[in-house]
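Asks: One structure follows; several queries about it will come next.
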Amino acid sequence: MSETDTESPEKQERSRDRLGSRFARWKQSILERTRPHKTLHYWVKKAFEEILAIRIIRFIFQLIVFLLLFYAGITYVLGYDPLLESGLFAGLAFLIPIFGYIPVVFDMPHGIAQGTATGFFDIIQLIGQAGMFPFIALGAVLIIPILIGRSFCGWVCPFGFIQDLCSLTPIRTRTVSKQTNRLLSWIKYIFLFTTLFFVLWVGLSTFLGIEAGLVYSLNSAGGFATAWWSVISPSGTFFVIVPYLWLNGVISPIITQWNPSPLSWAPIMWIRLIFLLIVLVAALFYTRAYCRWICPVGTLMGLVSQFSFLTVSRSATECLHGRCEEQRCTKACPVGIDVIAQPPGKLYHRDCIMCLDCVAKCGYDAVKVDYS
Amino acid sequence: MNRRVIAIALLCLGISAFAFGLAIGQHELVRSWLQYFSDAYAIGFPQPIP
Ligand code: SF4
Ligand code: SF4
Ligand code: SF4
């Protein structure tokens with residue numbers, strides 16, 4: 001009796017057994033056998049599944065943009081563009097103004113002093129504080145995050161890339177508790193709304209012709225009334241000011257046309273450099289610390305991207321809801337989103353930068369990219 | 001569902017703002033600024049750091 005009971009399902013299974021499922025089981029058994037020993041097969045599989053597929057492509061994207069932006073900083077500093085002058089890219093010059101509306105890939109040496117690298121955020125400040133309404137830039141703020149979420153943060157932003165590089169160092173990255181995270185997240189809203197307040201205040205007073213005395217005196221302290229955030233933006237410091245210092249012989253004596261002693265720098269210069277240093281050191285210990293807690297550009301995009309068509313989506317049926325061995329989706333998230341704690345289905349989260357690390361790391365194919 | 005409606009509304013608003021900005025030539029302003037800065041390249045920056 002017991003024999004027939006155990007045999008019949010086996011028989012049924014055998015009859016259902018096709019080449020495909022036998023192959024799948026064979027593959028599974030190989031994987032199970034090789035996994036503990038971490039053989040070449042294991043590493044090749046890991047490389048293709050987890051690294052090459054997403055991380056490397058993202059890395060290449062980020063690297064290209066980083067080099068472009070750093071190059072732009074250097075051309076600004078040199079005063080001419082060697083590639084453009086060589087005629088190699090002369091035909092592409094018409095693309096330059098377009099870059100201004102891409103969220104982060106831009107290098108705008110404005111006024112005499114501040115180089116910035118935050119794209120539309122600079123333009124919102126510059127146009128707004130000049131007393132106009134920044135139609136195109138605000139249009140871009142609405143269109144881009146709705147269509148592709150904060151993908152620019154994950155895949156393009158060179159300052160995000162620098163932080164990703166920082167987290168690759170052997171220093172062990174730490175996590176923060178939920179309460180601390182929530183508390184620190186206030187900082188970025190404070191920076192964003194202070195900037196927008198300045199834009200409104202200075203913009204309105206310029207528009208109405210009322211003199212905003214304090215603001216204009218702030219301008220002489222370093223251009224705060226021209227573009228509040230751009231004056232201290234660490235990405236501007238990194239991509240424009242640092243190349244400037246470097247090429248002008250302050251950091252290294254390559255060009256010595258202008259070589260003042262650091263002691264003669266304006267205080268704002270020191271503030272910029274110290275702010276950049278703090279941000280970079282923080283990124284060594286906390287992945288994407290600047291993006292999570294400070295950057296007003298990402299924060300502004302996040303306000304819109306929570307309605308984005310493009311998100312990741314955790315399947316309610318395929319996900320083991322944290323009962324999988326390591327809860328790798330949550331651990332992989334560089335911006336500290338507790339993926340499991342979010343309701344299943346599309347993940348609408350202001351902080352999600354669409355890096356797809358959770359997609360790559362979940363071993364159960366439970367997290368997917370969703371466009372709907 | 002609600003999110004979808006808000007997303008489409010925001011998208012329409014964004015496209016209108018973008019188109020209106022282009023129509024009134026705001027991109028030319030940015031272009032002229034850039035032109036100003038590239039002209040500044042040519043003459044060199046007298047005191048580029050605050
Ligand atoms: S949050 Fe800011 S710094 Fe971070 S990736 Fe986005 S735009 Fe770049
Ligand atoms: S790693 Fe995958 S299966 Fe595990 S909780 Fe995350 S999404 Fe679910
Ligand atoms: S939720 Fe996923 S895609 Fe979004 S930031 Fe975290 S790991 Fe990246």
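Ligands are numbered from 1 in the order shown, residues from 1 within each chain, and chains are lettered A, B, ... in the order they appear in the structure tokens.
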Excluding range 292-297 of chain A and its own-chain neighbours fewer than 2 positions away, which residues fall within 7 Å of it when counting only C-alpha atoms? Please give them as a PyMOL selection string.

Replies: chain A and resi 121+184-185+187-189+191-192+288-290+299-301+335

Asks: For ligand 1, return the neighbouring residues as a list in words (distance at most 6 Å; only C-alpha atoms and all ligand atoms).

Replies: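 The residues near ligand 1 are Val104, Cys153, Gly154, Cys157, Phe159, Gly160, Cys291, Cys295, Val297 and Gly298 of chain A.
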
Asks: Restricted to N, CA and C atoms, what would the selected residues look like written as a short mmCIF file (atom, residue, chain, number, x, y, z; two decimals), in the first residue's frame?

Replies:
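Result written to selection-v9.cif:
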```cif
data_model
loop_
_atom_site.label_atom_id
_atom_site.label_comp_id
_atom_site.auth_asym_id
_atom_site.auth_seq_id
_atom_site.Cartn_x
_atom_site.Cartn_y
_atom_site.Cartn_z
N VAL A 104 21.86 66.49 -13.69
CA VAL A 104 23.10 66.58 -12.95
C VAL A 104 24.34 66.76 -13.80
N CYS A 153 20.24 59.76 -10.82
CA CYS A 153 21.04 59.65 -9.61
C CYS A 153 21.81 58.33 -9.59
N GLY A 154 21.14 57.26 -10.01
CA GLY A 154 21.78 55.97 -9.94
C GLY A 154 22.78 55.73 -11.06
N CYS A 157 24.66 60.61 -12.40
CA CYS A 157 25.27 61.67 -11.58
C CYS A 157 26.71 61.33 -11.18
N PHE A 159 28.59 62.82 -9.14
CA PHE A 159 28.87 62.94 -7.71
C PHE A 159 28.38 61.71 -6.96
N GLY A 160 27.28 61.12 -7.47
CA GLY A 160 26.85 59.84 -6.92
C GLY A 160 27.90 58.77 -7.19
N CYS A 291 23.72 61.81 -0.94
CA CYS A 291 22.44 61.67 -1.63
C CYS A 291 21.30 61.47 -0.64
N CYS A 295 21.72 66.20 -0.47
CA CYS A 295 21.58 66.76 -1.82
C CYS A 295 20.17 67.28 -2.14
N VAL A 297 19.22 68.50 -4.96
CA VAL A 297 18.85 68.19 -6.35
C VAL A 297 18.09 66.86 -6.39
N GLY A 298 18.67 65.86 -5.73
CA GLY A 298 18.02 64.57 -5.67
C GLY A 298 16.71 64.66 -4.90
#
```

Asks: Could I get the residue neighbourhood of ligand 2 at 8 Å, counting only C-alpha atoms and all ligand atoms, as a list in words?

Replies: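 Selection of residues at most 8 Å from ligand 2: Arg314, Ser315, Glu318, Cys319, Leu320, His321, Gly322, Arg323, Cys324, Glu325, Glu326, Gln327, Arg328, Cys329, Thr330, Val339, Ile340, Cys358, Val359, Lys361, Cys362, Gly363, Tyr364, Asp365, Ala366 and Val367 of chain A.
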
Asks: Mind writing the picked residues with N, CA, C and O atoms as a JSON list (two decimals), in the first residue's frame?

Replies:
```
[["chain", "number", "residue", "atom", "x", "y", "z"],
["A", 314, "ARG", "N", 8.40, 44.59, -6.30],
["A", 314, "ARG", "CA", 8.65, 43.32, -5.59],
["A", 314, "ARG", "C", 7.40, 42.46, -5.69],
["A", 314, "ARG", "O", 6.30, 42.88, -5.31],
["A", 315, "SER", "N", 7.60, 41.27, -6.22],
["A", 315, "SER", "CA", 6.45, 40.40, -6.45],
["A", 315, "SER", "C", 5.96, 39.80, -5.14],
["A", 315, "SER", "O", 6.74, 39.23, -4.37],
["A", 318, "GLU", "N", 6.44, 35.82, -5.50],
["A", 318, "GLU", "CA", 7.78, 35.25, -5.57],
["A", 318, "GLU", "C", 8.67, 35.61, -4.38],
["A", 318, "GLU", "O", 9.60, 34.90, -4.05],
["A", 319, "CYS", "N", 8.38, 36.74, -3.76],
["A", 319, "CYS", "CA", 9.23, 37.17, -2.65],
["A", 319, "CYS", "C", 8.95, 36.31, -1.42],
["A", 319, "CYS", "O", 7.81, 36.00, -1.12],
["A", 320, "LEU", "N", 10.03, 35.96, -0.70],
["A", 320, "LEU", "CA", 9.87, 35.16, 0.51],
["A", 320, "LEU", "C", 9.65, 36.06, 1.72],
["A", 320, "LEU", "O", 9.68, 35.61, 2.85],
["A", 321, "HIS", "N", 9.47, 37.34, 1.46],
["A", 321, "HIS", "CA", 9.15, 38.31, 2.51],
["A", 321, "HIS", "C", 10.12, 38.26, 3.67],
["A", 321, "HIS", "O", 9.73, 38.15, 4.83],
["A", 322, "GLY", "N", 11.39, 38.30, 3.32],
["A", 322, "GLY", "CA", 12.38, 38.38, 4.38],
["A", 322, "GLY", "C", 12.75, 37.05, 4.99],
["A", 322, "GLY", "O", 13.63, 36.96, 5.80],
["A", 323, "ARG", "N", 12.03, 35.97, 4.57],
["A", 323, "ARG", "CA", 12.40, 34.67, 5.13],
["A", 323, "ARG", "C", 13.51, 34.02, 4.30],
["A", 323, "ARG", "O", 13.98, 32.95, 4.62],
["A", 324, "CYS", "N", 13.90, 34.70, 3.20],
["A", 324, "CYS", "CA", 15.04, 34.21, 2.44],
["A", 324, "CYS", "C", 16.28, 34.39, 3.31],
["A", 324, "CYS", "O", 16.27, 35.21, 4.24],
["A", 325, "GLU", "N", 17.34, 33.67, 2.95],
["A", 325, "GLU", "CA", 18.49, 33.62, 3.87],
["A", 325, "GLU", "C", 18.94, 34.98, 4.37],
["A", 325, "GLU", "O", 19.09, 35.22, 5.55],
["A", 326, "GLU", "N", 19.16, 35.90, 3.42],
["A", 326, "GLU", "CA", 19.91, 37.09, 3.85],
["A", 326, "GLU", "C", 19.16, 38.40, 3.68],
["A", 326, "GLU", "O", 19.71, 39.44, 3.99],
["A", 327, "GLN", "N", 17.96, 38.38, 3.18],
["A", 327, "GLN", "CA", 17.22, 39.61, 2.88],
["A", 327, "GLN", "C", 18.10, 40.55, 2.07],
["A", 327, "GLN", "O", 18.32, 41.70, 2.43],
["A", 328, "ARG", "N", 18.60, 39.99, 0.98],
["A", 328, "ARG", "CA", 19.66, 40.70, 0.27],
["A", 328, "ARG", "C", 19.16, 42.00, -0.38],
["A", 328, "ARG", "O", 19.94, 42.92, -0.58],
["A", 329, "CYS", "N", 17.88, 42.05, -0.72],
["A", 329, "CYS", "CA", 17.37, 43.26, -1.37],
["A", 329, "CYS", "C", 17.57, 44.48, -0.47],
["A", 329, "CYS", "O", 18.10, 45.50, -0.89],
["A", 330, "THR", "N", 17.19, 44.34, 0.78],
["A", 330, "THR", "CA", 17.31, 45.46, 1.71],
["A", 330, "THR", "C", 18.78, 45.77, 1.99],
["A", 330, "THR", "O", 19.18, 46.94, 2.02],
["A", 339, "VAL", "N", 13.54, 47.55, 1.73],
["A", 339, "VAL", "CA", 12.71, 47.09, 0.62],
["A", 339, "VAL", "C", 11.60, 46.17, 1.11],
["A", 339, "VAL", "O", 10.46, 46.24, 0.66],
["A", 340, "ILE", "N", 11.93, 45.32, 2.09],
["A", 340, "ILE", "CA", 10.93, 44.34, 2.55],
["A", 340, "ILE", "C", 9.79, 45.04, 3.28],
["A", 340, "ILE", "O", 8.65, 44.60, 3.25],
["A", 358, "CYS", "N", 18.99, 45.99, -5.85],
["A", 358, "CYS", "CA", 18.08, 45.03, -5.22],
["A", 358, "CYS", "C", 17.63, 43.98, -6.24],
["A", 358, "CYS", "O", 17.48, 42.81, -5.91],
["A", 359, "VAL", "N", 17.46, 44.40, -7.50],
["A", 359, "VAL", "CA", 17.07, 43.46, -8.55],
["A", 359, "VAL", "C", 18.18, 42.43, -8.74],
["A", 359, "VAL", "O", 17.94, 41.22, -8.84],
["A", 361, "LYS", "N", 20.56, 41.58, -6.64],
["A", 361, "LYS", "CA", 20.96, 40.80, -5.48],
["A", 361, "LYS", "C", 19.93, 39.78, -5.03],
["A", 361, "LYS", "O", 20.28, 38.76, -4.46],
["A", 362, "CYS", "N", 18.65, 40.03, -5.27],
["A", 362, "CYS", "CA", 17.65, 39.06, -4.82],
["A", 362, "CYS", "C", 17.86, 37.77, -5.60],
["A", 362, "CYS", "O", 17.76, 37.74, -6.81],
["A", 363, "GLY", "N", 18.14, 36.71, -4.91],
["A", 363, "GLY", "CA", 18.42, 35.45, -5.60],
["A", 363, "GLY", "C", 17.17, 34.74, -6.10],
["A", 363, "GLY", "O", 17.25, 33.66, -6.67],
["A", 364, "TYR", "N", 16.01, 35.31, -5.84],
["A", 364, "TYR", "CA", 14.76, 34.61, -6.18],
["A", 364, "TYR", "C", 13.98, 35.29, -7.28],
["A", 364, "TYR", "O", 12.81, 34.99, -7.49],
["A", 365, "ASP", "N", 14.63, 36.22, -7.94],
["A", 365, "ASP", "CA", 13.97, 36.94, -9.03],
["A", 365, "ASP", "C", 12.67, 37.60, -8.60],
["A", 365, "ASP", "O", 11.72, 37.70, -9.37],
["A", 366, "ALA", "N", 12.62, 38.03, -7.36],
["A", 366, "ALA", "CA", 11.37, 38.58, -6.85],
["A", 366, "ALA", "C", 11.27, 40.08, -7.09],
["A", 366, "ALA", "O", 10.18, 40.64, -7.03],
["A", 367, "VAL", "N", 12.41, 40.73, -7.35],
["A", 367, "VAL", "CA", 12.36, 42.17, -7.60],
["A", 367, "VAL", "C", 12.65, 42.40, -9.08],
["A", 367, "VAL", "O", 13.62, 41.89, -9.61]]
```

Asks: Write out as a PyMOL selection string which residues come within 10 Å of Leu204 in chain A when counting only C-alpha atoms, dropping same-chain ones fewer than 2 positions away.

Replies: chain A and resi 128-133+198-202+206-212

Asks: Could you take the residues named above and write them with N, CA, C and O atoms, as a PDB file, in the first residue's frame?

Replies:
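Contents of part-v2.pdb, freshly written:
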```
ATOM      1  N   GLY A 128      15.588  82.034 -11.629  1.00  0.00           N
ATOM      2  CA  GLY A 128      14.671  82.470 -10.575  1.00  0.00           C
ATOM      3  C   GLY A 128      15.210  83.693  -9.855  1.00  0.00           C
ATOM      4  O   GLY A 128      14.498  84.680  -9.656  1.00  0.00           O
ATOM      5  N   GLN A 129      16.456  83.663  -9.460  1.00  0.00           N
ATOM      6  CA  GLN A 129      17.009  84.767  -8.690  1.00  0.00           C
ATOM      7  C   GLN A 129      17.251  85.996  -9.562  1.00  0.00           C
ATOM      8  O   GLN A 129      17.455  87.086  -9.049  1.00  0.00           O
ATOM      9  N   ALA A 130      17.190  85.792 -10.901  1.00  0.00           N
ATOM     10  CA  ALA A 130      17.286  86.965 -11.779  1.00  0.00           C
ATOM     11  C   ALA A 130      15.894  87.570 -12.004  1.00  0.00           C
ATOM     12  O   ALA A 130      15.745  88.494 -12.803  1.00  0.00           O
ATOM     13  N   GLY A 131      14.870  87.032 -11.318  1.00  0.00           N
ATOM     14  CA  GLY A 131      13.546  87.636 -11.385  1.00  0.00           C
ATOM     15  C   GLY A 131      12.649  87.076 -12.476  1.00  0.00           C
ATOM     16  O   GLY A 131      11.656  87.688 -12.849  1.00  0.00           O
ATOM     17  N   MET A 132      12.986  85.879 -12.991  1.00  0.00           N
ATOM     18  CA  MET A 132      12.118  85.256 -14.004  1.00  0.00           C
ATOM     19  C   MET A 132      11.629  83.911 -13.484  1.00  0.00           C
ATOM     20  O   MET A 132      12.151  83.390 -12.509  1.00  0.00           O
ATOM     21  N   PHE A 133      10.635  83.381 -14.168  1.00  0.00           N
ATOM     22  CA  PHE A 133      10.152  82.065 -13.768  1.00  0.00           C
ATOM     23  C   PHE A 133      10.853  81.005 -14.622  1.00  0.00           C
ATOM     24  O   PHE A 133      10.789  81.063 -15.848  1.00  0.00           O
ATOM     25  N   PHE A 198      15.236  81.256  -1.044  1.00  0.00           N
ATOM     26  CA  PHE A 198      16.132  82.287  -1.576  1.00  0.00           C
ATOM     27  C   PHE A 198      15.757  82.653  -3.007  1.00  0.00           C
ATOM     28  O   PHE A 198      15.744  83.817  -3.374  1.00  0.00           O
ATOM     29  N   VAL A 199      15.467  81.610  -3.797  1.00  0.00           N
ATOM     30  CA  VAL A 199      15.106  81.855  -5.194  1.00  0.00           C
ATOM     31  C   VAL A 199      13.876  82.765  -5.244  1.00  0.00           C
ATOM     32  O   VAL A 199      13.834  83.756  -5.976  1.00  0.00           O
ATOM     33  N   LEU A 200      12.882  82.428  -4.409  1.00  0.00           N
ATOM     34  CA  LEU A 200      11.650  83.211  -4.406  1.00  0.00           C
ATOM     35  C   LEU A 200      11.897  84.634  -3.907  1.00  0.00           C
ATOM     36  O   LEU A 200      11.450  85.610  -4.496  1.00  0.00           O
ATOM     37  N   TRP A 201      12.611  84.719  -2.812  1.00  0.00           N
ATOM     38  CA  TRP A 201      12.846  86.001  -2.159  1.00  0.00           C
ATOM     39  C   TRP A 201      13.622  86.934  -3.089  1.00  0.00           C
ATOM     40  O   TRP A 201      13.174  88.044  -3.412  1.00  0.00           O
ATOM     41  N   VAL A 202      14.765  86.466  -3.535  1.00  0.00           N
ATOM     42  CA  VAL A 202      15.595  87.323  -4.385  1.00  0.00           C
ATOM     43  C   VAL A 202      14.890  87.567  -5.719  1.00  0.00           C
ATOM     44  O   VAL A 202      14.891  88.689  -6.238  1.00  0.00           O
ATOM     45  N   THR A 206      13.852  91.185  -7.055  1.00  0.00           N
ATOM     46  CA  THR A 206      14.419  91.682  -8.313  1.00  0.00           C
ATOM     47  C   THR A 206      13.291  92.052  -9.275  1.00  0.00           C
ATOM     48  O   THR A 206      13.318  93.097  -9.931  1.00  0.00           O
ATOM     49  N   PHE A 207      12.280  91.169  -9.323  1.00  0.00           N
ATOM     50  CA  PHE A 207      11.160  91.392 -10.237  1.00  0.00           C
ATOM     51  C   PHE A 207      10.413  92.675  -9.897  1.00  0.00           C
ATOM     52  O   PHE A 207      10.057  93.473 -10.758  1.00  0.00           O
ATOM     53  N   LEU A 208      10.204  92.889  -8.591  1.00  0.00           N
ATOM     54  CA  LEU A 208       9.452  94.075  -8.177  1.00  0.00           C
ATOM     55  C   LEU A 208      10.329  95.308  -8.041  1.00  0.00           C
ATOM     56  O   LEU A 208       9.846  96.403  -7.787  1.00  0.00           O
ATOM     57  N   GLY A 209      11.617  95.109  -8.184  1.00  0.00           N
ATOM     58  CA  GLY A 209      12.539  96.237  -8.088  1.00  0.00           C
ATOM     59  C   GLY A 209      12.794  96.689  -6.666  1.00  0.00           C
ATOM     60  O   GLY A 209      13.249  97.800  -6.421  1.00  0.00           O
ATOM     61  N   ILE A 210      12.446  95.828  -5.685  1.00  0.00           N
ATOM     62  CA  ILE A 210      12.722  96.177  -4.284  1.00  0.00           C
ATOM     63  C   ILE A 210      14.122  95.694  -3.969  1.00  0.00           C
ATOM     64  O   ILE A 210      14.482  94.565  -4.285  1.00  0.00           O
ATOM     65  N   GLU A 211      14.877  96.512  -3.323  1.00  0.00           N
ATOM     66  CA  GLU A 211      16.233  96.069  -3.034  1.00  0.00           C
ATOM     67  C   GLU A 211      16.254  95.176  -1.799  1.00  0.00           C
ATOM     68  O   GLU A 211      15.742  95.538  -0.741  1.00  0.00           O
ATOM     69  N   ALA A 212      16.824  94.002  -1.936  1.00  0.00           N
ATOM     70  CA  ALA A 212      16.941  93.112  -0.784  1.00  0.00           C
ATOM     71  C   ALA A 212      18.344  93.253  -0.227  1.00  0.00           C
ATOM     72  O   ALA A 212      19.260  92.532  -0.606  1.00  0.00           O
TER      73      ALA A 212
END
```

Asks: Taking only C-alpha atoms and all ligand atoms into account, report as number ranges by chain which residues have an atom no farther than 8 Å from an atom of ligand 3.

Replies: A: 154, 311-312, 329-330, 332-339, 347, 349, 351-359

Asks: With C-alpha atoms retained, could you export that selection as a compact mmCIF listing (two decimals), in the first residue's frame?

Replies:
```
# COMPACT_ATOMS: atom_id res chain seq x y z
CA GLY A 154 21.78 55.97 -9.94
CA THR A 311 10.14 51.79 -10.51
CA VAL A 312 11.32 48.48 -9.16
CA CYS A 329 17.37 43.26 -1.37
CA THR A 330 17.31 45.46 1.71
CA ALA A 332 21.95 45.82 -1.12
CA CYS A 333 20.12 49.14 -1.22
CA PRO A 334 22.74 51.89 -1.18
CA VAL A 335 20.28 54.53 0.01
CA GLY A 336 19.04 52.44 2.90
CA ILE A 337 15.49 51.73 1.77
CA ASP A 338 13.98 48.85 3.73
CA VAL A 339 12.71 47.09 0.62
CA LEU A 347 8.10 50.55 -4.94
CA HIS A 349 9.96 55.76 -2.75
CA ASP A 351 14.90 57.96 -2.14
CA CYS A 352 15.01 55.15 -4.72
CA ILE A 353 17.73 55.97 -7.25
CA MET A 354 16.89 53.06 -9.58
CA CYS A 355 20.35 51.58 -9.18
CA LEU A 356 18.77 48.10 -9.49
CA ASP A 357 21.09 46.60 -6.91
CA CYS A 358 18.08 45.03 -5.22
CA VAL A 359 17.07 43.46 -8.55
```

Asks: Taking into account only C-alpha atoms, which residue in the set A:Thr169, A:Thr317, A:Thr287, A:Thr237 is nearest to chain B?

Replies: A:Thr237

Asks: I'd like the contact shell of range 14-22 of chain B - 7 Å cut-off, only C-alpha atoms, skipping same-chain residues fewer than 5 positions apart - returned as a CSV table (one decimal) with C-alpha atoms, in the first residue's frame.

Replies:
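Listed below is the output, result-v5.csv:
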```
chain,number,residue,atom,x,y,z
A,135,PHE,CA,9.8,77.4,-17.1
A,136,ILE,CA,12.1,75.1,-19.0
A,139,GLY,CA,9.4,71.5,-16.9
A,140,ALA,CA,12.5,69.2,-16.9
A,142,LEU,CA,8.6,67.4,-13.7
A,143,ILE,CA,9.1,65.4,-17.0
B,27,HIS,CA,16.7,78.6,-23.7
```

Asks: Between CA of Ala283 in chain A and CA of Phe238 in chain A, what is the spacing in Å?

Replies: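 Interatomic distance here is 14.3 Å.
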
Asks: One decimal, in Å: what's the spacing between CA of Val240 in chain A and CA of Phe275 in chain A?

Replies: 14.7 Å

Asks: Between A:Pro343, A:Gly236, A:Pro158, A:Leu147, which residue has the minimum interatomic distance to Arg4 in chain B, considering only C-alpha atoms?

Replies: A:Leu147
